[in-house]
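Shown below: entry31.txt, with compact mmCIF, C-alpha atoms.
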# COMPACT_ATOMS: atom_id res chain seq x y z
CA MET A 1 187.23 -23.14 187.48
CA THR A 2 187.16 -19.58 186.18
CA TYR A 3 185.22 -16.74 187.82
CA VAL A 4 182.62 -16.97 185.07
CA ASP A 5 182.12 -20.72 185.66
CA VAL A 6 181.62 -20.14 189.37
CA LEU A 7 179.23 -17.27 188.63
CA ARG A 8 177.16 -19.50 186.32
CA ARG A 9 176.84 -22.09 189.10
CA GLU A 10 176.00 -19.48 191.76
CA LEU A 11 173.35 -17.90 189.53
CA ALA A 12 171.68 -21.31 189.18
CA LEU A 13 171.80 -21.79 192.95
CA VAL A 14 169.88 -18.55 193.60
CA GLY A 15 167.33 -19.40 190.90
CA ILE A 16 168.59 -17.36 187.93
CA ARG A 17 168.58 -19.61 184.90
CA GLY A 18 167.98 -19.47 181.16
CA ARG A 19 168.23 -16.23 179.23
CA SER A 20 168.81 -14.02 182.27
CA ALA A 21 171.72 -16.15 183.44
CA ARG A 22 173.25 -16.34 179.97
CA ARG A 23 173.09 -12.57 179.62
CA ILE A 24 174.72 -11.88 182.99
CA VAL A 25 177.46 -14.41 182.32
CA ALA A 26 178.11 -12.99 178.83
CA GLU A 27 178.40 -9.44 180.16
CA VAL A 28 180.74 -10.37 182.99
CA ASP A 29 182.81 -12.56 180.67
CA ASP A 30 183.14 -9.71 178.17
CA HIS A 31 184.16 -7.31 180.94
CA LEU A 32 186.82 -9.67 182.26
CA ARG A 33 188.20 -10.22 178.77
CA SER A 34 188.48 -6.44 178.38
CA ASP A 35 190.08 -6.01 181.79
CA PRO A 36 191.29 -9.24 183.48
CA GLU A 37 192.34 -7.27 186.55
CA ALA A 38 188.72 -6.29 187.23
CA GLU A 39 187.90 -9.65 188.82
CA PRO A 40 188.46 -8.56 192.45
CA ARG A 41 186.22 -5.54 191.90
CA PHE A 42 183.31 -7.81 190.97
CA GLY A 43 183.38 -9.25 194.47
CA SER A 44 182.77 -12.94 195.05
CA ALA A 45 180.67 -14.73 192.44
CA ARG A 46 178.27 -15.76 195.21
CA ASP A 47 177.70 -12.15 196.31
CA LEU A 48 177.24 -10.97 192.73
CA ALA A 49 174.71 -13.72 192.00
CA ASN A 50 172.92 -12.93 195.26
CA GLU A 51 172.76 -9.23 194.35
CA PHE A 52 171.20 -10.00 190.97
CA ALA A 53 168.73 -12.42 192.58
CA ALA A 54 167.82 -9.90 195.28
CA GLU A 55 167.02 -7.19 192.74
CA LEU A 56 165.23 -9.54 190.35
CA GLY A 57 163.35 -11.14 193.24
CA THR A 58 162.22 -7.75 194.53
CA THR A 59 160.79 -6.78 191.15
CA ALA A 60 159.20 -10.22 190.73
CA SER A 61 157.58 -10.10 194.19
CA ARG A 62 156.05 -6.69 193.55
CA ARG A 63 154.82 -7.83 190.14
CA SER A 64 153.26 -10.98 191.61
CA ALA A 65 151.30 -8.95 194.18
CA VAL A 66 149.96 -6.61 191.49
CA ALA A 67 149.10 -9.52 189.16
CA ALA A 68 147.28 -11.37 191.95
CA PHE A 69 145.27 -8.29 192.92
CA ALA A 70 144.37 -7.48 189.30
CA ALA A 71 143.18 -11.04 188.65
CA LEU A 72 141.21 -11.00 191.89
CA GLY A 73 139.61 -7.73 190.79
CA VAL A 74 138.28 -9.41 187.65
CA ALA A 75 137.21 -12.48 189.64
CA GLY A 76 135.52 -10.12 192.10
CA ALA A 77 133.49 -8.57 189.30
CA VAL A 78 132.43 -12.06 188.13
CA TYR A 79 131.52 -12.89 191.72
CA ALA A 80 129.43 -9.73 192.13
CA VAL A 81 127.47 -10.30 188.94
CA ALA A 82 126.89 -13.98 189.79
CA PHE A 83 125.85 -13.14 193.36
CA VAL A 84 123.45 -10.34 192.44
CA GLY A 85 122.21 -12.24 189.39
CA ALA A 86 121.40 -15.30 191.51
CA ASN A 87 118.71 -13.26 193.29
CA HIS A 88 116.94 -12.70 189.96
CA ALA A 89 117.50 -16.17 188.55
CA GLY A 90 114.87 -18.04 190.50
CA ARG A 91 114.90 -19.97 193.76
CA ALA A 92 117.42 -22.68 194.53
CA ALA A 93 116.04 -25.12 197.07
CA GLY A 94 117.30 -28.42 198.44
CA GLY A 95 120.49 -29.54 196.80
CA GLU A 96 123.17 -31.99 197.74
CA PRO A 97 125.66 -31.54 200.58
CA LEU A 98 128.23 -30.60 197.96
CA ALA A 99 126.06 -27.66 196.85
CA SER A 100 125.68 -26.54 200.48
CA LEU A 101 129.42 -26.75 200.94
CA ALA A 102 129.92 -24.75 197.73
CA PHE A 103 127.59 -22.05 199.08
CA ALA A 104 129.55 -21.87 202.35
CA VAL A 105 132.77 -21.49 200.36
CA ILE A 106 131.15 -18.77 198.22
CA VAL A 107 130.48 -16.81 201.41
CA VAL A 108 133.80 -17.31 203.25
CA ALA A 109 136.58 -17.75 200.66
CA PRO A 110 136.20 -14.44 198.77
CA GLN A 111 136.59 -12.51 202.01
CA LEU A 112 139.86 -14.29 202.67
CA ALA A 113 140.94 -13.68 199.07
CA PHE A 114 140.14 -9.98 199.31
CA VAL A 115 141.92 -9.45 202.63
CA ALA A 116 145.02 -11.47 201.70
CA GLY A 117 145.24 -9.93 198.21
CA SER A 118 144.85 -6.40 199.57
CA LEU A 119 147.51 -7.02 202.21
CA ALA A 120 149.92 -8.42 199.60
CA LEU A 121 149.41 -5.34 197.45
CA LEU A 122 149.68 -3.05 200.46
CA ARG A 123 153.03 -4.56 201.45
CA ALA A 124 154.35 -4.31 197.88
CA TRP A 125 153.18 -0.70 197.64
CA ARG A 126 154.61 0.30 201.01
CA LEU A 127 158.01 -1.04 199.99
CA ARG A 128 157.86 0.17 196.40
CA ARG A 129 160.90 2.44 196.75
CA GLU A 130 163.12 -0.21 198.33
CA ARG A 131 165.86 -1.34 195.97
CA VAL A 132 165.97 -4.76 197.56
CA LEU A 133 163.46 -6.48 199.86
CA ALA A 134 164.52 -8.71 202.73
CA SER A 135 163.86 -12.39 202.06
CA SER A 136 161.41 -12.49 204.97
CA GLU A 137 159.41 -9.61 203.46
CA ARG A 138 159.27 -11.39 200.12
CA THR A 139 158.01 -14.48 201.94
CA VAL A 140 155.17 -12.46 203.48
CA ILE A 141 154.15 -11.09 200.06
CA ALA A 142 154.35 -14.60 198.56
CA ARG A 143 152.19 -16.12 201.30
CA ARG A 144 149.57 -13.40 201.12
CA GLY A 145 149.45 -13.69 197.34
CA ALA A 146 149.21 -17.49 197.47
CA VAL A 147 146.36 -17.43 200.00
CA ALA A 148 144.57 -14.76 197.96
CA LEU A 149 144.88 -16.64 194.69
CA GLY A 150 144.08 -19.99 196.32
CA SER A 151 140.95 -18.57 197.94
CA GLY A 152 139.96 -16.91 194.67
CA LEU A 153 140.35 -20.17 192.79
CA VAL A 154 138.34 -22.08 195.39
CA THR A 155 135.59 -19.44 195.19
CA MET A 156 135.32 -19.68 191.44
CA ALA A 157 135.34 -23.49 191.62
CA ALA A 158 132.53 -23.26 194.19
CA TRP A 159 130.47 -21.11 191.78
CA LEU A 160 130.97 -23.78 189.12
CA VAL A 161 129.76 -26.50 191.49
CA PHE A 162 126.82 -24.37 192.65
CA ALA A 163 125.73 -23.52 189.11
CA LEU A 164 125.94 -27.17 188.03
CA ALA A 165 124.05 -28.37 191.11
CA PHE A 166 121.15 -25.96 190.53
CA ARG A 167 121.17 -25.76 186.75
CA GLY A 168 117.66 -27.27 186.63
CA GLN A 169 116.18 -24.74 189.09
CA LEU A 170 117.89 -21.46 188.18
CA ALA A 171 117.48 -19.42 185.02
CA GLY A 172 119.46 -20.64 182.03
CA TRP A 173 121.10 -17.24 181.40
CA TRP A 174 122.47 -17.20 184.97
CA VAL A 175 123.79 -20.76 184.79
CA THR A 176 125.44 -20.11 181.40
CA PHE A 177 127.00 -16.85 182.58
CA THR A 178 128.22 -18.30 185.87
CA LEU A 179 129.76 -21.38 184.27
CA ALA A 180 131.50 -19.42 181.51
CA ALA A 181 132.64 -16.46 183.60
CA SER A 182 133.82 -18.60 186.55
CA ALA A 183 135.79 -20.87 184.22
CA ALA A 184 137.40 -17.82 182.61
CA ALA A 185 138.21 -16.41 186.05
CA VAL A 186 139.81 -19.72 187.05
CA VAL A 187 142.10 -19.48 184.00
CA LEU A 188 142.93 -15.86 184.81
CA LEU A 189 143.71 -16.62 188.46
CA ALA A 190 145.89 -19.54 187.42
CA ALA A 191 147.74 -17.25 185.00
CA ALA A 192 148.24 -14.73 187.81
CA ALA A 193 150.04 -17.44 189.76
CA VAL A 194 152.83 -17.52 187.16
CA PRO A 195 154.53 -14.29 188.37
CA ALA A 196 154.32 -15.69 191.91
CA LEU A 197 156.08 -18.87 190.79
CA VAL A 198 158.77 -16.81 189.05
CA ALA A 199 159.28 -14.82 192.26
CA ALA A 200 159.40 -17.97 194.36
CA ARG A 201 162.10 -19.47 192.15
CA LEU A 202 164.49 -16.64 193.03
CA GLN A 203 166.08 -17.38 196.38
CA PRO A 204 168.56 -14.68 197.41
CA ALA A 205 169.69 -14.38 201.00
CA VAL A 206 168.82 -10.87 202.18
CA ALA A 207 168.71 -10.29 205.92
CA GLY A 208 166.04 -8.14 207.53
CA PRO A 209 162.80 -8.34 209.52
CA ALA A 210 159.53 -9.43 207.92
CA GLY A 211 157.46 -6.65 209.48
CA ASP A 212 153.79 -7.08 210.30
CA VAL A 213 150.40 -5.64 209.47
CA PHE A 214 151.01 -2.76 211.87
CA ASP A 215 153.91 -1.61 209.71
CA ASP A 216 151.70 -1.94 206.65
CA LEU A 217 148.88 0.10 208.15
CA GLY A 218 151.00 2.54 210.14
CA LEU A 219 149.39 1.37 213.39
CA GLN A 220 152.50 0.54 215.40
CA ARG A 221 150.74 1.32 218.69
CA TYR A 222 148.93 -2.02 218.42
CA ARG A 223 152.11 -4.07 218.15
CA THR A 224 152.36 -4.60 221.89
CA ASP A 225 148.84 -6.06 221.94
CA PRO A 226 147.88 -7.40 218.49
CA TRP A 227 144.81 -9.11 219.92
CA ARG A 228 143.34 -5.72 220.82
CA PHE A 229 143.68 -4.83 217.13
CA ALA A 230 142.02 -8.13 216.14
CA ARG A 231 139.13 -7.52 218.55
CA ARG A 232 138.55 -4.01 217.26
CA VAL A 233 138.61 -5.03 213.61
CA ALA A 234 136.24 -7.95 214.33
CA LEU A 235 133.91 -5.60 216.21
CA LEU A 236 133.90 -3.08 213.37
CA VAL A 237 133.25 -5.75 210.75
CA GLY A 238 130.46 -7.30 212.85
CA LEU A 239 128.86 -3.90 213.40
CA GLY A 240 129.06 -3.16 209.69
CA VAL A 241 127.21 -6.37 208.83
CA TRP A 242 124.60 -5.71 211.53
CA ILE A 243 123.99 -2.17 210.27
CA ALA A 244 123.63 -3.54 206.74
CA GLY A 245 121.02 -5.96 208.13
CA ILE A 246 119.15 -3.10 209.81
CA ALA A 247 119.23 -1.12 206.55
CA ALA A 248 117.72 -4.18 204.82
CA ALA A 249 114.94 -4.26 207.47
CA ASP A 250 116.30 -7.53 208.84
CA PRO A 251 117.96 -6.56 212.17
CA PHE A 252 117.88 -9.96 213.89
CA ASP A 253 119.27 -11.87 210.96
CA GLY A 254 121.79 -9.03 210.51
CA LEU A 255 122.85 -9.34 214.14
CA LEU A 256 123.38 -13.09 213.77
CA ARG A 257 125.38 -12.63 210.57
CA GLY A 258 127.35 -9.83 212.21
CA LEU A 259 128.27 -12.10 215.12
CA ILE A 260 129.35 -14.89 212.80
CA GLU A 261 131.35 -12.42 210.67
CA ALA A 262 133.10 -10.97 213.73
CA LEU A 263 133.96 -14.44 215.02
CA ALA A 264 135.26 -15.48 211.59
CA CYS A 265 137.37 -12.33 211.40
CA PHE A 266 138.90 -12.92 214.84
CA GLY A 267 139.38 -16.62 214.08
CA GLY A 268 141.12 -15.75 210.83
CA PHE A 269 143.54 -13.50 212.67
CA ALA A 270 144.22 -16.27 215.21
CA LEU A 271 144.68 -18.99 212.59
CA LEU A 272 146.50 -17.18 209.81
CA GLY A 273 147.90 -14.13 211.59
CA ARG A 274 151.43 -15.38 211.92
CA TYR A 275 151.53 -17.10 208.53
CA LEU A 276 150.36 -13.99 206.68
CA GLY A 277 152.65 -11.68 208.63
CA LEU A 278 149.78 -9.94 210.41
CA ARG A 279 151.53 -10.29 213.75
CA SER A 280 155.12 -11.17 214.53
CA MET B 1 185.86 7.94 197.35
CA ARG B 2 184.01 5.79 199.88
CA GLY B 3 181.71 3.12 198.43
CA GLU B 4 178.60 4.12 200.36
CA VAL B 5 178.86 7.72 199.10
CA LEU B 6 178.99 6.47 195.52
CA ARG B 7 176.19 3.94 196.05
CA GLY B 8 173.81 6.73 197.03
CA HIS B 9 174.29 8.33 193.62
CA LEU B 10 174.83 5.18 191.60
CA ASP B 11 171.75 5.54 189.39
CA LEU B 12 172.46 9.19 188.58
CA LEU B 13 176.09 8.41 187.71
CA ILE B 14 175.17 5.51 185.44
CA LEU B 15 172.41 7.43 183.67
CA ALA B 16 174.80 10.35 183.15
CA THR B 17 177.51 8.17 181.62
CA VAL B 18 175.19 6.91 178.87
CA ASP B 19 173.55 10.29 178.33
CA ARG B 20 175.33 11.27 175.11
CA ASP B 21 176.44 7.91 173.76
CA PRO B 22 175.26 4.37 174.46
CA ALA B 23 177.78 2.19 176.27
CA HIS B 24 178.36 -1.38 177.41
CA GLY B 25 179.13 -2.14 181.06
CA TYR B 26 182.91 -1.99 180.73
CA LEU B 27 182.69 1.39 179.00
CA VAL B 28 180.37 2.75 181.70
CA VAL B 29 183.01 2.00 184.33
CA GLU B 30 185.80 3.41 182.17
CA ARG B 31 183.90 6.62 181.34
CA LEU B 32 183.16 7.19 184.98
CA LYS B 33 186.81 6.89 185.92
CA GLU B 34 187.88 9.07 183.04
CA ARG B 35 185.32 11.86 183.52
CA SER B 36 185.98 12.04 187.26
CA GLY B 37 189.75 12.11 186.81
CA GLY B 38 190.02 8.73 188.53
CA VAL B 39 188.21 9.87 191.70
CA LEU B 40 185.02 7.88 191.09
CA GLY B 41 185.78 4.20 190.74
CA LEU B 42 182.63 2.12 190.80
CA ALA B 43 183.04 -1.53 191.68
CA GLU B 44 181.97 -3.67 188.76
CA GLY B 45 179.94 -5.84 191.12
CA THR B 46 177.56 -2.94 191.72
CA VAL B 47 177.40 -1.63 188.15
CA TYR B 48 175.89 -4.62 186.37
CA PRO B 49 173.01 -5.25 188.80
CA ALA B 50 172.27 -1.50 188.62
CA LEU B 51 172.26 -1.52 184.81
CA HIS B 52 169.79 -4.42 184.83
CA ARG B 53 167.63 -2.70 187.43
CA LEU B 54 167.55 0.59 185.52
CA GLU B 55 166.54 -1.32 182.42
CA ARG B 56 163.71 -3.07 184.28
CA ALA B 57 162.58 0.35 185.50
CA GLY B 58 162.37 1.52 181.87
CA LEU B 59 165.11 4.13 182.24
CA LEU B 60 167.60 2.25 180.05
CA ALA B 61 167.16 0.03 177.03
CA SER B 62 169.74 -2.46 175.86
CA SER B 63 170.59 -4.60 172.86
CA TRP B 64 173.44 -6.82 171.69
CA SER B 65 176.00 -4.98 169.59
CA LYS B 66 177.53 -6.95 166.78
CA SER B 67 180.01 -4.29 165.73
CA ASP B 68 182.63 -5.43 168.25
CA ALA B 69 184.79 -8.55 168.08
CA ARG B 70 182.36 -10.31 170.45
CA PRO B 71 178.70 -9.54 171.22
CA ARG B 72 178.29 -6.85 173.85
CA ARG B 73 175.22 -5.62 175.65
CA VAL B 74 174.95 -1.91 174.93
CA TYR B 75 172.81 0.37 177.09
CA ARG B 76 171.15 3.61 176.03
CA LEU B 77 168.83 6.09 177.72
CA THR B 78 165.13 5.81 177.01
CA ARG B 79 162.90 8.87 176.83
CA ARG B 80 161.82 8.16 180.39
CA GLY B 81 165.44 7.76 181.41
CA ARG B 82 166.29 11.12 179.89
CA ALA B 83 163.52 12.82 181.85
CA GLU B 84 164.61 11.03 185.02
CA LEU B 85 168.22 12.10 184.46
CA ALA B 86 167.18 15.73 184.01
CA ALA B 87 165.17 15.61 187.23
CA ARG B 88 168.01 13.98 189.16
CA ARG B 89 170.52 16.49 187.79
CA ASP B 90 168.40 19.38 189.05
CA GLU B 91 168.02 17.66 192.39
CA TRP B 92 171.79 17.10 192.59
CA LYS B 93 172.58 20.72 191.69
CA ARG B 94 170.31 22.00 194.44
CA PHE B 95 171.71 19.53 196.94
CA SER B 96 175.39 20.05 196.11
CA GLY B 97 174.89 23.84 196.05
CA ALA B 98 173.34 23.73 199.49
CA VAL B 99 176.06 21.47 200.90
CA LYS B 100 178.76 23.68 199.39
CA ALA B 101 177.18 26.78 200.91
CA VAL B 102 177.21 25.18 204.35
CA VAL B 103 180.58 23.42 204.21
CA ALA B 104 182.73 25.93 202.31
Take the structure in the file and write it out as structure tokens.
Amino acid sequence: MTYVDVLRRELALVGIRGRSARRIVAEVDDHLRSDPEAEPRFGSARDLANEFAAELGTTASRRSAVAAFAALGVAGAVYAVAFVGANHAGRAAGGEPLASLAFAVIVVAPQLAFVAGSLALLRAWRLRRERVLASSERTVIARRGAVALGSGLVTMAAWLVFALAFRGQLAGWWVTFTLAASAAAVVLLAAAAVPALVAARLQPAVAGPAGDVFDDLGLQRYRTDPWRFARRVALLVGLGVWIAGIAAADPFDGLLRGLIEALACFGGFALLGRYLGLRS
Amino acid sequence: MRGEVLRGHLDLLILATVDRDPAHGYLVVERLKERSGGVLGLAEGTVYPALHRLERAGLLASSWSKSDARPRRVYRLTRRGRAELAARRDEWKRFSGAVKAVVA
């Protein structure tokens, strides 16, 4: 087997196929035809393929984080209009268990989507000047992006279910808007998953630590006790919700919602903290 | 010259070699050797990934040349690449001047 044959195989093994692979192989082949003695200076075909995959994978990971966040931004706008509009579209009472479940999802899932999407973008931004990202760092970005997009998709699906369940009770304009805009957002979020799939296909081996949320936020002092960080964030979030309740002249309900929000925040850190690279 | 020293300036060197005339990968390596009197020898294994990266960053553009016996990917500076090269040249002049003043 020639060097070029081995390179073609190694490129496929690290996930570089199609036009990109053909171009790399053609360039290396041309170079070796011009100077057959250059082969040792290319290094091993495996290392060369890995280098290409590492650089392509780094670009793809950054792009996937930006695409996910942008799509979530549009979905967030749809969400806001649907949420605010629902208050002016009449009163939805009763409903099936599925509608109640959809409402619960509408409350919880977008928060998860926002946090995970922001953290994916934050990691990509923090490492924007790195030529090559460690595989473990790319995994963190991929997981955060996947959770963000998954939560966004579930939220939009929940709006669809909610609008269908209450289409007889809520104003027609709201139902029409929510069905059309949520469906469009589902398509957009699904499209935003494509860059993530492209990034996931590239599998270079690049050593290095994954880092955690304390690297992302520049709060390394919390690394020795991540639970202290989780408690403080939960407390701040809970307080914020309570204050919002007081501002809306509903302090007791606000307090209850603040408690639930703080517990959900802390629970999220406990459940997903390691998976999303929040703590190591 | 040691590889790690060259790697730190890889992008500047590659951009500079295609400044006046477009070049394919083999020619980039050859020009570098020639212009540096044989002192700067970039390993081919680092040049091609860098060319692809600089293209993704919008600093280089490339196309297949059909004027040669076989198709070759030829790289040229983009407008953004030209601006980046000018900035990096200034940066290099300041840096090398400072190092020279200290070391000499």
Checklist entry - Between A:Met1, A:Ala45, A:Leu188, A:Val6, which one has atoms that come closest to chain B, using all atoms listed in the file? => result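 Closest residue, counting all atoms listed in the file: A:Ala45.
When only C-alpha atoms are used to measure the gap to Ala69 in chain B, the shortest distance among A:Thr178, A:Ser135, A:Ser34, A:Ser44 belongs to A:Ser34.
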Checklist outcome for this item: Computed gap from CA of Phe162 in chain A to CA of Ala102 in chain A is 6.0 Å
Checklist entry - Near chain A, which residues of chain B fall within 8 Å when you count all atoms listed in the file, and what do they look like as number ranges by chain? => result B: 25-26, 43-46, 49, 53, 70, 72-73
Item to check | For range 146-154 of chain A: contacts at 6 Å, all atoms listed in the file, fewer than 5 positions along chain excluded, given as number ranges by chain | outcome: A: 109, 113, 116-117, 186
Next on the checklist: I'd like the contact shell of range 210-214 of chain A - 8 Å cut-off, all atoms listed in the file, skipping same-chain residues fewer than 6 positions apart - returned as a list in words.
Outcome noted: Leu119, Ala134, Ser135, Ser136, Glu137, Thr139, Val140, Gln220, Arg221, Tyr222, Arg223, Gly277, Leu278, Arg279 and Ser280 of chain A
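We find CA of Thr176 in chain A and CA of Tyr79 in chain A to be spaced 14.0 Å apart.
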Checklist entry - Using only C-alpha atoms, which residue out of A:Arg274, A:Arg231, A:Arg144, A:Arg201 lies closest to Ala124 in chain A? => result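 Among the listed residues, A:Arg144 lies closest to Ala124 in chain A.
For the pair CA of Arg31 in chain B and CA of Phe95 in chain B, the interatomic distance is 23.6 Å.
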Next on the checklist: Which residues are near Leu98 in chain A? Cut-off 9 Å, all atoms listed in the file, ignore same chain within fewer than 3 positions. Put them as number ranges by chain.
Outcome noted: A: 95, 101-103, 161-162, 165
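In this comparison, which uses only C-alpha atoms, the residue of B:Pro71, B:Pro22, B:Leu10, B:Lys33 approaching Tyr48 in chain B most closely is B:Leu10.
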Item to check | For Val105 in chain A, the nearest of the candidates A:Ala142, A:Ala77, A:Met156, A:Leu133, counting only C-alpha atoms | outcome: A:Met156
Item to check | For Glu84 in chain B: contacts at 9 Å, all atoms listed in the file, fewer than 4 positions along chain excluded, given as a PyMOL selection string | outcome: chain B and resi 12+15+59+79-80+88-89
Checklist entry - Taking all atoms listed in the file into account, which of A:Leu112, A:Leu197, A:Ala184, A:Val175 comes nearest His88 in chain A? => result A:Val175
